[in-house]
file my_file-v2.txt (compact mmCIF, C-alpha atoms and all ligand atoms)
# COMPACT_ATOMS: atom_id res chain seq x y z
CA MET A 16 -6.32 141.79 -57.69
CA LYS A 17 -2.76 141.28 -58.96
CA ASN A 18 -0.29 139.73 -56.52
CA ASN A 19 2.94 141.74 -56.76
CA TRP A 20 4.27 140.28 -53.55
CA LYS A 21 5.44 136.93 -54.87
CA ASP A 22 9.02 136.10 -53.69
CA LYS A 23 9.14 139.26 -51.54
CA LEU A 24 10.45 139.04 -47.99
CA ALA A 25 8.06 139.42 -45.05
CA ILE A 26 9.12 139.59 -41.42
CA ILE A 27 6.38 138.65 -38.99
CA THR A 28 6.83 139.16 -35.26
CA GLY A 29 4.83 137.09 -32.80
CA ALA A 30 4.63 134.28 -35.34
CA SER A 31 4.55 131.48 -32.78
CA SER A 32 0.79 131.72 -32.21
CA GLY A 33 -2.50 133.48 -32.99
CA ILE A 34 -2.60 136.28 -35.54
CA GLY A 35 1.14 136.14 -36.30
CA GLU A 36 1.10 132.42 -37.04
CA ALA A 37 -2.00 132.72 -39.23
CA THR A 38 -0.50 135.70 -41.08
CA ALA A 39 2.75 133.83 -41.69
CA ARG A 40 0.82 130.89 -43.17
CA LYS A 41 -1.28 133.21 -45.31
CA LEU A 42 1.65 135.24 -46.70
CA ALA A 43 3.73 132.11 -47.35
CA ALA A 44 0.77 130.59 -49.22
CA GLN A 45 0.69 133.73 -51.39
CA GLY A 46 4.34 133.21 -52.36
CA LEU A 47 6.16 135.51 -49.93
CA LYS A 48 9.31 134.31 -48.16
CA VAL A 49 8.59 134.62 -44.46
CA VAL A 50 10.91 135.26 -41.52
CA LEU A 51 9.32 134.14 -38.27
CA VAL A 52 10.15 135.97 -35.04
CA ALA A 53 9.09 135.10 -31.44
CA ARG A 54 10.61 133.55 -28.33
CA ARG A 55 9.29 129.96 -28.63
CA ALA A 56 11.73 128.51 -31.14
CA ASP A 57 10.10 125.06 -31.13
CA ARG A 58 6.80 126.53 -32.32
CA LEU A 59 8.53 128.63 -34.97
CA GLU A 60 10.43 125.59 -36.24
CA LYS A 61 7.22 123.55 -36.46
CA LEU A 62 5.50 126.36 -38.36
CA ALA A 63 8.46 126.77 -40.73
CA GLU A 64 8.39 123.01 -41.42
CA ASP A 65 4.65 123.16 -42.19
CA ILE A 66 5.17 126.08 -44.55
CA ARG A 67 8.03 124.33 -46.35
CA ALA A 68 5.99 121.13 -46.61
CA ASN A 69 3.36 123.19 -48.43
CA GLY A 70 5.91 124.54 -50.91
CA GLY A 71 6.63 127.83 -49.14
CA THR A 72 9.84 129.44 -47.90
CA ALA A 73 10.31 130.16 -44.21
CA ARG A 74 13.16 130.95 -41.87
CA ILE A 75 13.07 131.32 -38.11
CA LEU A 76 14.69 134.03 -36.01
CA PRO A 77 13.97 133.26 -32.34
CA ALA A 78 14.16 136.48 -30.34
CA ASP A 79 12.91 138.04 -27.14
CA LEU A 80 11.65 141.43 -28.26
CA THR A 81 11.96 142.90 -24.76
CA GLN A 82 15.72 142.76 -25.33
CA GLU A 83 17.34 145.46 -27.42
CA SER A 84 20.19 143.11 -28.37
CA ASP A 85 17.70 140.57 -29.76
CA ARG A 86 15.85 143.30 -31.66
CA LEU A 87 19.13 144.49 -33.20
CA ARG A 88 19.94 140.91 -34.20
CA VAL A 89 16.55 140.60 -35.93
CA CYS A 90 17.22 143.85 -37.80
CA GLU A 91 20.67 142.64 -38.88
CA GLU A 92 19.87 139.04 -39.75
CA ALA A 93 16.38 139.21 -41.28
CA GLY A 94 17.48 140.68 -44.61
CA ALA A 95 15.94 143.47 -46.69
CA ALA A 96 12.30 143.35 -45.64
CA ASP A 97 9.64 144.21 -48.19
CA VAL A 98 6.94 143.69 -45.56
CA LEU A 99 7.18 144.03 -41.80
CA VAL A 100 4.24 142.86 -39.71
CA ASN A 101 4.71 144.23 -36.19
CA ASN A 102 2.32 141.81 -34.54
CA ALA A 103 4.00 140.59 -31.32
CA GLY A 104 2.21 141.97 -28.31
CA LEU A 105 0.86 141.20 -24.88
CA GLY A 106 -2.01 142.34 -22.73
CA TRP A 107 -2.99 142.38 -19.07
CA TYR A 108 -6.37 142.90 -17.42
CA GLY A 109 -7.13 144.47 -14.05
CA TYR A 110 -6.90 147.71 -12.11
CA GLY A 111 -3.97 149.67 -13.48
CA SER A 112 -2.74 150.19 -9.94
CA ASP A 113 -2.37 146.40 -9.49
CA MET A 114 -0.07 146.00 -12.47
CA SER A 115 3.54 145.19 -11.62
CA TRP A 116 6.27 147.32 -13.16
CA LYS A 117 7.77 144.09 -14.56
CA THR A 118 4.63 143.45 -16.65
CA ALA A 119 4.31 147.12 -17.60
CA TRP A 120 7.95 147.21 -18.71
CA GLU A 121 7.54 144.02 -20.77
CA MET A 122 4.42 145.44 -22.41
CA LEU A 123 6.12 148.73 -23.25
CA GLN A 124 9.13 146.93 -24.71
CA VAL A 125 7.16 144.57 -26.94
CA ASN A 126 4.08 146.65 -27.85
CA VAL A 127 5.93 149.96 -28.30
CA GLU A 128 9.74 149.90 -28.34
CA ALA A 129 10.13 146.84 -30.56
CA VAL A 130 7.66 148.32 -33.07
CA VAL A 131 9.58 151.58 -33.18
CA GLN A 132 13.00 149.95 -33.38
CA LEU A 133 12.06 147.50 -36.14
CA SER A 134 10.15 150.15 -38.10
CA LEU A 135 13.05 152.62 -37.95
CA SER A 136 15.44 149.89 -38.98
CA PHE A 137 13.50 148.61 -42.01
CA LEU A 138 11.86 151.81 -43.30
CA PRO A 139 14.99 153.45 -44.78
CA GLY A 140 15.63 150.39 -46.98
CA MET A 141 12.02 150.38 -48.14
CA ARG A 142 12.29 154.08 -49.01
CA ARG A 143 15.57 153.53 -50.90
CA ARG A 144 14.04 150.68 -52.87
CA GLY A 145 10.85 152.68 -53.35
CA ALA A 146 8.48 149.99 -52.12
CA GLY A 147 7.37 148.25 -48.96
CA HIS A 148 4.65 147.88 -46.38
CA ILE A 149 4.76 148.04 -42.59
CA ILE A 150 1.66 146.68 -40.90
CA ASN A 151 1.21 147.36 -37.20
CA VAL A 152 -1.25 145.13 -35.42
CA GLY A 153 -3.08 147.51 -33.12
CA SER A 154 -6.35 147.25 -31.32
CA ILE A 155 -9.68 149.00 -31.15
CA SER A 156 -8.77 149.64 -27.52
CA GLY A 157 -6.33 152.27 -28.81
CA SER A 158 -9.37 154.32 -29.86
CA ILE A 159 -11.43 153.92 -26.71
CA PRO A 160 -9.70 154.19 -23.34
CA SER A 161 -11.18 151.39 -21.27
CA GLN A 162 -11.17 150.21 -17.68
CA GLY A 163 -8.96 147.20 -17.00
CA ILE A 164 -6.57 147.74 -19.91
CA ALA A 165 -5.14 151.18 -19.14
CA LEU A 166 -1.58 150.59 -20.26
CA TYR A 167 -2.45 148.11 -23.01
CA GLY A 168 -4.87 150.60 -24.60
CA ALA A 169 -2.27 153.34 -24.29
CA THR A 170 0.34 151.24 -26.12
CA LYS A 171 -2.16 150.70 -28.94
CA SER A 172 -2.99 154.46 -29.03
CA PHE A 173 0.73 155.06 -29.47
CA LEU A 174 0.73 152.63 -32.37
CA ASP A 175 -2.22 154.45 -33.98
CA ASN A 176 -0.55 157.83 -33.73
CA PHE A 177 2.89 156.61 -34.85
CA THR A 178 1.44 154.72 -37.81
CA THR A 179 -0.81 157.55 -38.96
CA ALA A 180 2.01 160.10 -38.87
CA LEU A 181 4.35 157.81 -40.86
CA TYR A 182 1.57 157.07 -43.33
CA ARG A 183 1.09 160.79 -43.88
CA GLU A 184 4.83 161.39 -44.28
CA LEU A 185 5.00 158.70 -46.95
CA THR A 186 1.93 159.73 -48.92
CA GLY A 187 2.68 159.70 -52.62
CA THR A 188 5.39 157.03 -52.32
CA ARG A 189 5.02 153.27 -52.73
CA VAL A 190 5.99 152.68 -49.11
CA HIS A 191 2.90 152.10 -46.99
CA VAL A 192 2.36 152.03 -43.24
CA SER A 193 -0.93 150.73 -41.88
CA VAL A 194 -2.53 149.93 -38.57
CA VAL A 195 -4.95 147.07 -37.99
CA ARG A 196 -7.49 148.09 -35.34
CA ALA A 197 -8.61 144.65 -34.26
CA GLY A 198 -11.44 143.81 -31.90
CA PRO A 199 -11.46 140.53 -29.97
CA VAL A 200 -9.68 137.66 -31.71
CA ARG A 201 -9.72 134.06 -30.45
CA THR A 202 -6.03 133.38 -29.75
CA GLU A 203 -3.76 132.68 -26.76
CA PHE A 204 -3.80 136.38 -25.90
CA GLY A 205 -6.11 136.01 -22.86
CA GLU A 206 -4.17 133.03 -21.52
CA ALA A 207 -0.89 134.95 -21.80
CA ALA A 208 -2.43 137.98 -20.03
CA LEU A 209 -3.74 135.79 -17.21
CA SER A 210 -0.29 134.26 -16.66
CA LYS A 211 1.19 137.63 -15.65
CA GLU A 212 1.39 138.74 -12.03
CA ASN A 213 -2.07 139.88 -10.76
CA GLY A 214 -3.51 139.33 -14.23
CA GLY A 215 -7.29 138.83 -14.56
CA HIS A 216 -9.36 137.17 -17.27
CA VAL A 217 -9.65 139.40 -20.33
CA PRO A 218 -13.49 139.66 -20.58
CA THR A 219 -13.44 139.04 -24.35
CA GLU A 220 -11.03 136.09 -24.24
CA HIS A 221 -13.46 133.50 -25.67
CA VAL A 222 -15.21 135.65 -28.24
CA GLY A 223 -14.23 137.33 -31.45
CA VAL A 224 -13.10 136.56 -34.96
CA THR A 225 -10.54 133.90 -35.83
CA ALA A 226 -6.85 134.61 -36.37
CA ASP A 227 -7.29 133.31 -39.93
CA HIS A 228 -9.84 136.03 -40.57
CA VAL A 229 -7.39 138.72 -39.39
CA ALA A 230 -4.66 137.19 -41.57
CA TRP A 231 -6.97 137.31 -44.57
CA ARG A 232 -7.71 141.00 -43.89
CA ILE A 233 -3.97 141.70 -43.59
CA TRP A 234 -3.42 140.07 -46.98
CA LYS A 235 -6.23 142.19 -48.51
CA LEU A 236 -4.58 145.25 -46.94
CA MET A 237 -1.30 144.39 -48.68
CA LEU A 238 -3.13 144.16 -52.00
CA ARG A 239 -4.90 147.47 -51.38
CA PRO A 240 -2.97 149.57 -48.86
CA GLN A 241 -4.92 151.84 -46.52
CA ARG A 242 -3.94 153.82 -43.43
CA VAL A 243 -6.22 151.86 -41.12
CA ILE A 244 -8.46 148.82 -41.24
CA TYR A 245 -10.95 147.66 -38.63
CA VAL A 246 -11.40 143.95 -37.97
CA PRO A 247 -14.29 143.28 -37.99
CA GLY A 248 -15.32 146.19 -40.19
CA TRP A 249 -18.25 147.39 -38.07
CA LEU A 250 -15.78 148.49 -35.36
CA ARG A 251 -15.22 151.67 -37.35
CA VAL A 252 -18.05 153.18 -35.28
CA VAL A 253 -16.08 152.81 -32.03
CA PRO A 254 -14.01 156.05 -32.22
CA LEU A 255 -17.30 157.91 -32.74
CA THR A 256 -18.76 156.11 -29.72
CA GLU A 257 -15.93 157.43 -27.57
CA LEU A 258 -16.61 160.97 -28.77
CA ALA A 259 -20.36 160.78 -28.28
CA PHE A 260 -20.74 158.47 -25.29
CA GLY A 261 -17.44 158.69 -23.38
CA TRP A 262 -19.37 160.02 -20.39
CA ILE A 263 -21.45 156.82 -20.23
CA ILE A 264 -18.31 154.68 -20.33
CA ASP A 265 -17.03 156.75 -17.38
CA GLN A 266 -20.04 155.55 -15.37
CA VAL A 267 -20.49 151.95 -16.56
CA GLY A 268 -16.85 150.97 -17.13
CA PRO A 269 -15.78 150.87 -13.47
CA LEU A 270 -18.80 148.71 -12.61
CA MET A 271 -17.80 146.17 -15.25
CA LEU A 272 -14.23 145.99 -13.98
CA LYS A 273 -15.38 145.58 -10.37
CA LYS A 274 -17.70 142.72 -11.38
CA GLN A 275 -14.93 141.01 -13.37
CA LYS A 276 -12.38 141.30 -10.58
CA SER A 277 -14.81 139.90 -8.00
CA VAL A 278 -15.47 136.90 -10.30
CA ASN A 279 -11.72 136.32 -10.55
CA GLY A 280 -11.27 136.67 -6.82
N1 LIG A 301 -6.48 138.51 -29.35
C1 LIG A 301 -7.11 139.66 -29.32
O1 LIG A 301 -8.27 139.74 -28.86
C2 LIG A 301 -6.45 140.89 -29.89
C3 LIG A 301 -7.26 142.02 -30.15
C4 LIG A 301 -6.68 143.16 -30.68
C5 LIG A 301 -5.31 143.18 -30.94
N2 LIG A 301 -4.54 142.09 -30.67
C6 LIG A 301 -3.11 142.18 -30.92
O2 LIG A 301 -2.73 141.16 -31.80
C7 LIG A 301 -1.34 140.87 -31.65
C8 LIG A 301 -1.13 139.36 -31.62
O3 LIG A 301 -1.78 138.83 -30.49
P1 LIG A 301 -2.58 137.44 -30.51
O4 LIG A 301 -4.00 137.75 -30.24
O5 LIG A 301 -2.22 136.65 -31.73
O6 LIG A 301 -1.99 136.79 -29.17
P2 LIG A 301 -1.03 135.54 -28.90
O7 LIG A 301 -1.59 134.32 -29.52
O8 LIG A 301 -0.77 135.57 -27.43
O9 LIG A 301 0.31 135.92 -29.69
C9 LIG A 301 1.22 136.86 -29.19
C10 LIG A 301 2.53 136.70 -29.93
O10 LIG A 301 3.46 137.69 -29.43
C11 LIG A 301 4.69 137.03 -29.16
N3 LIG A 301 5.43 137.70 -28.07
C12 LIG A 301 4.97 138.06 -26.84
N4 LIG A 301 5.99 138.53 -26.10
C13 LIG A 301 7.10 138.47 -26.88
C14 LIG A 301 8.47 138.77 -26.67
N5 LIG A 301 8.93 139.23 -25.49
N6 LIG A 301 9.34 138.58 -27.68
C15 LIG A 301 8.91 138.09 -28.86
N7 LIG A 301 7.63 137.77 -29.13
C16 LIG A 301 6.74 137.95 -28.14
C17 LIG A 301 4.29 135.63 -28.72
O11 LIG A 301 5.38 134.73 -28.96
P3 LIG A 301 6.30 134.03 -27.82
O12 LIG A 301 5.47 133.89 -26.59
O13 LIG A 301 6.69 132.73 -28.45
O14 LIG A 301 7.46 134.95 -27.67
C18 LIG A 301 3.16 135.32 -29.69
O15 LIG A 301 3.66 134.81 -30.89
C19 LIG A 301 -0.90 141.60 -30.38
O16 LIG A 301 -0.19 142.77 -30.73
C20 LIG A 301 -2.22 141.98 -29.72
O17 LIG A 301 -2.10 143.14 -28.93
C21 LIG A 301 -5.09 140.95 -30.15

call {"tool": "encode", "arguments": {"input": "my_file-v2.txt", "output": "structure tokens"}}
result
Amino acid sequence: MKNNWKDKLAIITGASSGIGEATARKLAAQGLKVVLVARRADRLEKLAEDIRANGGTARILPADLTQESDRLRVCEEAGAADVLVNNAGLGWYGYGSDMSWKTAWEMLQVNVEAVVQLSLSFLPGMRRRGAGHIINVGSISGSIPSQGIALYGATKSFLDNFTTALYRELTGTRVHVSVVRAGPVRTEFGEAALSKENGGHVPTEHVGVTADHVAWRIWKLMLRPQRVIYVPGWLRVVPLTELAFGWIIDQVGPLMLKKQKSVNG
């Protein structure tokens, strides 16, 4: 497939680890200029150095995406994005009633508000220039409400709905909006979730595909835009599972959460 993305500008949020880091490496290796966004500036700088050492172009924009002022700065300083990968996100596992408002607020800011603010900021330019791609890193949990991740799943459902509606609005143009419905991926996600107040072990934290695999699928998506991709592909059956077997999940789900919480103490 022809690579029309060479020398285009890609902004990747959450580039300091996991899927974001792997995606930044992948896109830079394909000739895109990457702008790396996350809070841990030391990690971003190290990644940018690696990319440059391999002949790529990278710039860092350290930012805390819970803060509107930081988000505005990213929108102002990043440049005219051809690609925006809204990847930064955080999770938390446990009974929804045990979640602190601080964690809930942080999750809403990063998983929802930052995605909306960055998308609304970069989309008009893409439409004016008649080309671009916004890729929102969602989760299969957005399609199947699950015990233990009530708010997290809801943020990813929001992403699904928002992305699909934008995709439909832009049909027939060369501006694409896609959502990646990922299943478990082996990253620092579980560790970050556990570090939050009252956070439990995410049951899938040690299983799943690699971040490099997700990055590869994101690159394929840029070459052949689609509204939604599932990673891994077999997860496409999950929304059907919810429709057909939601009543079983109602019964079994709470038992799983109870078991997990008693293991964690
Ligand atoms: N891992 C999975 O099983 C899985 C499954 C489905 C979907 N996803 C989604 O994939 C995306 C990436 O997660 P990951 O698995 O790669 O986890 P990860 O390794 O923990 O990466 C999360 C990234 O988000 C950034 N981030 C978190 N809070 C931020 C903030 N306030 N401001 C700026 N950046 C922030 C982190 O950077 P700093 O800490 O440096 O700020 C980090 O780069 C998330 O949206 C997640 O929901 C993950």

call {"tool": "residues_near_ligand", "arguments": {"input": "my_file-v2.txt", "ligand": "ligand LIG 301 (chain A)", "cutoff": "7 Å", "atoms": "only C-alpha atoms and all ligand atoms", "output": "PyMOL selection string"}}
result
chain A and resi 28-35+52-55+78-81+102-106+121+125-126+152-155+196-205+207+219-220+223+226

call {"tool": "closest_residue", "arguments": {"input": "my_file-v2.txt", "among": "A:Ile244, A:Leu51, A:Val127, A:Ala37", "to": "Trp231 in chain A", "atoms": "all atoms listed in the file"}}
result
A:Ala37

call {"tool": "closest_residue", "arguments": {"input": "my_file-v2.txt", "among": "A:Gln124, A:Asn176, A:Ser193, A:Asn69", "to": "Gln241 in chain A", "atoms": "all atoms listed in the file"}}
result
A:Ser193

call {"tool": "residues_around", "arguments": {"input": "my_file-v2.txt", "residues": "Ala180 in chain A", "least_positions_apart": "6", "cutoff": "12 Å", "atoms": "all atoms listed in the file", "output": "list in words"}}
result
Phe173, Leu174, Thr186, His191, Val192, Ser193, Val194, Arg242 and Val243 of chain A

call {"tool": "write_last_selection", "arguments": {"input": "my_file-v2.txt", "atoms": "C-alpha atoms", "output": "short mmCIF file (atom, residue, chain, number, x, y, z; two decimals), in the frame of the given file"}}
result
data_model
loop_
_atom_site.label_atom_id
_atom_site.label_comp_id
_atom_site.auth_asym_id
_atom_site.auth_seq_id
_atom_site.Cartn_x
_atom_site.Cartn_y
_atom_site.Cartn_z
CA PHE A 173 0.73 155.06 -29.47
CA LEU A 174 0.73 152.63 -32.37
CA THR A 186 1.93 159.73 -48.92
CA HIS A 191 2.90 152.10 -46.99
CA VAL A 192 2.36 152.03 -43.24
CA SER A 193 -0.93 150.73 -41.88
CA VAL A 194 -2.53 149.93 -38.57
CA ARG A 242 -3.94 153.82 -43.43
CA VAL A 243 -6.22 151.86 -41.12
#

call {"tool": "atom_distance", "arguments": {"input": "my_file-v2.txt", "atom1": "CA of Thr170 in chain A", "atom2": "CA of Leu76 in chain A"}}
result
24.5 Å

call {"tool": "closest_residue", "arguments": {"input": "my_file-v2.txt", "among": "A:Leu209, A:Leu47, A:Ala39, A:Val195", "to": "Met114 in chain A", "atoms": "all atoms listed in the file"}}
result
A:Leu209

call {"tool": "residues_around", "arguments": {"input": "my_file-v2.txt", "residues": "range 259-266 of chain A", "least_positions_apart": "4", "cutoff": "10 Å", "atoms": "all atoms listed in the file", "output": "JSON, numbers by chain"}}
result
{"A": [159, 160, 161, 162, 253, 254, 255, 270, 271]}

call {"tool": "atom_distance", "arguments": {"input": "my_file-v2.txt", "atom1": "CA of Ile26 in chain A", "atom2": "CA of Met237 in chain A"}}
result
13.6 Å

call {"tool": "closest_residue", "arguments": {"input": "my_file-v2.txt", "among": "A:Glu83, A:Asp97, A:Asp22, A:Glu128", "to": "Gly145 in chain A", "atoms": "all atoms listed in the file"}}
result
A:Asp97

call {"tool": "closest_residue", "arguments": {"input": "my_file-v2.txt", "among": "A:Gln82, A:Asn18, A:Thr38, A:Gln132", "to": "Val100 in chain A", "atoms": "all atoms listed in the file"}}
result
A:Thr38

call {"tool": "atom_distance", "arguments": {"input": "my_file-v2.txt", "atom1": "CA of Leu138 in chain A", "atom2": "CA of Lys23 in chain A"}}
result
15.3 Å

call {"tool": "residues_around", "arguments": {"input": "my_file-v2.txt", "residues": "Arg239 in chain A", "least_positions_apart": "4", "cutoff": "9 Å", "atoms": "only C-alpha atoms", "output": "MDAnalysis selection string"}}
result
chainID A and resid 16 234:235

call {"tool": "closest_residue", "arguments": {"input": "my_file-v2.txt", "among": "A:Lys41, A:Trp120, A:Gly111, A:Leu99", "to": "Leu135 in chain A", "atoms": "only C-alpha atoms"}}
result
A:Leu99

call {"tool": "residues_around", "arguments": {"input": "my_file-v2.txt", "residues": "Glu60 in chain A", "least_positions_apart": "3", "cutoff": "10 Å", "atoms": "only C-alpha atoms", "output": "ChimeraX atom specification"}}
result
/A:31,51,55-57,63-66,73-77

call {"tool": "build_atoms", "arguments": {"input": "my_file-v2.txt", "residues": "range 223-254 of chain A", "atoms": "N, CA and C atoms", "output": "mmCIF file, in the coordinates of the input"}}
result
data_model
loop_
_atom_site.group_PDB
_atom_site.id
_atom_site.type_symbol
_atom_site.label_atom_id
_atom_site.label_comp_id
_atom_site.auth_asym_id
_atom_site.auth_seq_id
_atom_site.Cartn_x
_atom_site.Cartn_y
_atom_site.Cartn_z
ATOM 1 N N GLY A 223 -14.967 136.592 -30.431
ATOM 2 C CA GLY A 223 -14.230 137.330 -31.450
ATOM 3 C C GLY A 223 -14.030 136.544 -32.723
ATOM 4 N N VAL A 224 -13.346 137.185 -33.659
ATOM 5 C CA VAL A 224 -13.100 136.560 -34.960
ATOM 6 C C VAL A 224 -11.913 135.604 -34.831
ATOM 7 N N THR A 225 -11.671 134.822 -35.864
ATOM 8 C CA THR A 225 -10.540 133.900 -35.830
ATOM 9 C C THR A 225 -9.263 134.622 -36.292
ATOM 10 N N ALA A 226 -8.136 134.045 -35.915
ATOM 11 C CA ALA A 226 -6.850 134.610 -36.370
ATOM 12 C C ALA A 226 -6.739 134.509 -37.888
ATOM 13 N N ASP A 227 -7.321 133.456 -38.459
ATOM 14 C CA ASP A 227 -7.290 133.310 -39.930
ATOM 15 C C ASP A 227 -8.012 134.465 -40.606
ATOM 16 N N HIS A 228 -9.096 134.913 -39.982
ATOM 17 C CA HIS A 228 -9.840 136.030 -40.570
ATOM 18 C C HIS A 228 -8.952 137.300 -40.569
ATOM 19 N N VAL A 229 -8.261 137.534 -39.460
ATOM 20 C CA VAL A 229 -7.390 138.720 -39.390
ATOM 21 C C VAL A 229 -6.281 138.600 -40.449
ATOM 22 N N ALA A 230 -5.723 137.399 -40.586
ATOM 23 C CA ALA A 230 -4.660 137.190 -41.570
ATOM 24 C C ALA A 230 -5.161 137.489 -42.989
ATOM 25 N N TRP A 231 -6.375 137.062 -43.256
ATOM 26 C CA TRP A 231 -6.970 137.310 -44.570
ATOM 27 C C TRP A 231 -7.123 138.824 -44.802
ATOM 28 N N ARG A 232 -7.557 139.543 -43.755
ATOM 29 C CA ARG A 232 -7.710 141.000 -43.890
ATOM 30 C C ARG A 232 -6.339 141.681 -44.077
ATOM 31 N N ILE A 233 -5.319 141.138 -43.422
ATOM 32 C CA ILE A 233 -3.970 141.700 -43.590
ATOM 33 C C ILE A 233 -3.507 141.502 -45.042
ATOM 34 N N TRP A 234 -3.795 140.324 -45.581
ATOM 35 C CA TRP A 234 -3.420 140.070 -46.980
ATOM 36 C C TRP A 234 -4.160 141.032 -47.922
ATOM 37 N N LYS A 235 -5.452 141.237 -47.685
ATOM 38 C CA LYS A 235 -6.230 142.190 -48.510
ATOM 39 C C LYS A 235 -5.626 143.595 -48.390
ATOM 40 N N LEU A 236 -5.183 143.934 -47.195
ATOM 41 C CA LEU A 236 -4.580 145.250 -46.940
ATOM 42 C C LEU A 236 -3.281 145.407 -47.755
ATOM 43 N N MET A 237 -2.528 144.324 -47.870
ATOM 44 C CA MET A 237 -1.300 144.390 -48.680
ATOM 45 C C MET A 237 -1.619 144.575 -50.156
ATOM 46 N N LEU A 238 -2.744 144.005 -50.586
ATOM 47 C CA LEU A 238 -3.130 144.160 -52.000
ATOM 48 C C LEU A 238 -3.678 145.555 -52.265
ATOM 49 N N ARG A 239 -4.328 146.118 -51.233
ATOM 50 C CA ARG A 239 -4.900 147.470 -51.380
ATOM 51 C C ARG A 239 -4.599 148.289 -50.125
ATOM 52 N N PRO A 240 -3.404 148.909 -50.091
ATOM 53 C CA PRO A 240 -2.970 149.570 -48.860
ATOM 54 C C PRO A 240 -3.884 150.715 -48.421
ATOM 55 N N GLN A 241 -4.125 150.768 -47.132
ATOM 56 C CA GLN A 241 -4.920 151.840 -46.520
ATOM 57 C C GLN A 241 -4.221 152.218 -45.217
ATOM 58 N N ARG A 242 -4.546 153.376 -44.700
ATOM 59 C CA ARG A 242 -3.940 153.820 -43.430
ATOM 60 C C ARG A 242 -4.402 152.935 -42.273
ATOM 61 N N VAL A 243 -5.682 152.625 -42.253
ATOM 62 C CA VAL A 243 -6.220 151.860 -41.120
ATOM 63 C C VAL A 243 -7.293 150.896 -41.608
ATOM 64 N N ILE A 244 -7.308 149.709 -41.020
ATOM 65 C CA ILE A 244 -8.460 148.820 -41.240
ATOM 66 C C ILE A 244 -8.998 148.397 -39.867
ATOM 67 N N TYR A 245 -10.304 148.160 -39.837
ATOM 68 C CA TYR A 245 -10.950 147.660 -38.630
ATOM 69 C C TYR A 245 -11.316 146.199 -38.863
ATOM 70 N N VAL A 246 -11.039 145.372 -37.866
ATOM 71 C CA VAL A 246 -11.400 143.950 -37.970
ATOM 72 C C VAL A 246 -12.166 143.545 -36.703
ATOM 73 N N PRO A 247 -13.452 143.225 -36.794
ATOM 74 C CA PRO A 247 -14.290 143.280 -37.990
ATOM 75 C C PRO A 247 -14.631 144.730 -38.367
ATOM 76 N N GLY A 248 -15.127 144.871 -39.601
ATOM 77 C CA GLY A 248 -15.320 146.190 -40.190
ATOM 78 C C GLY A 248 -16.249 147.119 -39.413
ATOM 79 N N TRP A 249 -17.273 146.527 -38.749
ATOM 80 C CA TRP A 249 -18.250 147.390 -38.070
ATOM 81 C C TRP A 249 -17.611 148.176 -36.923
ATOM 82 N N LEU A 250 -16.419 147.783 -36.473
ATOM 83 C CA LEU A 250 -15.780 148.490 -35.360
ATOM 84 C C LEU A 250 -15.407 149.932 -35.699
ATOM 85 N N ARG A 251 -15.547 150.289 -36.972
ATOM 86 C CA ARG A 251 -15.220 151.670 -37.350
ATOM 87 C C ARG A 251 -16.093 152.692 -36.622
ATOM 88 N N VAL A 252 -17.198 152.236 -36.018
ATOM 89 C CA VAL A 252 -18.050 153.180 -35.280
ATOM 90 C C VAL A 252 -17.473 153.495 -33.883
ATOM 91 N N VAL A 253 -16.530 152.673 -33.426
ATOM 92 C CA VAL A 253 -16.080 152.810 -32.030
ATOM 93 C C VAL A 253 -15.459 154.180 -31.715
ATOM 94 N N PRO A 254 -14.566 154.717 -32.559
ATOM 95 C CA PRO A 254 -14.010 156.050 -32.220
ATOM 96 C C PRO A 254 -15.107 157.097 -32.069
#
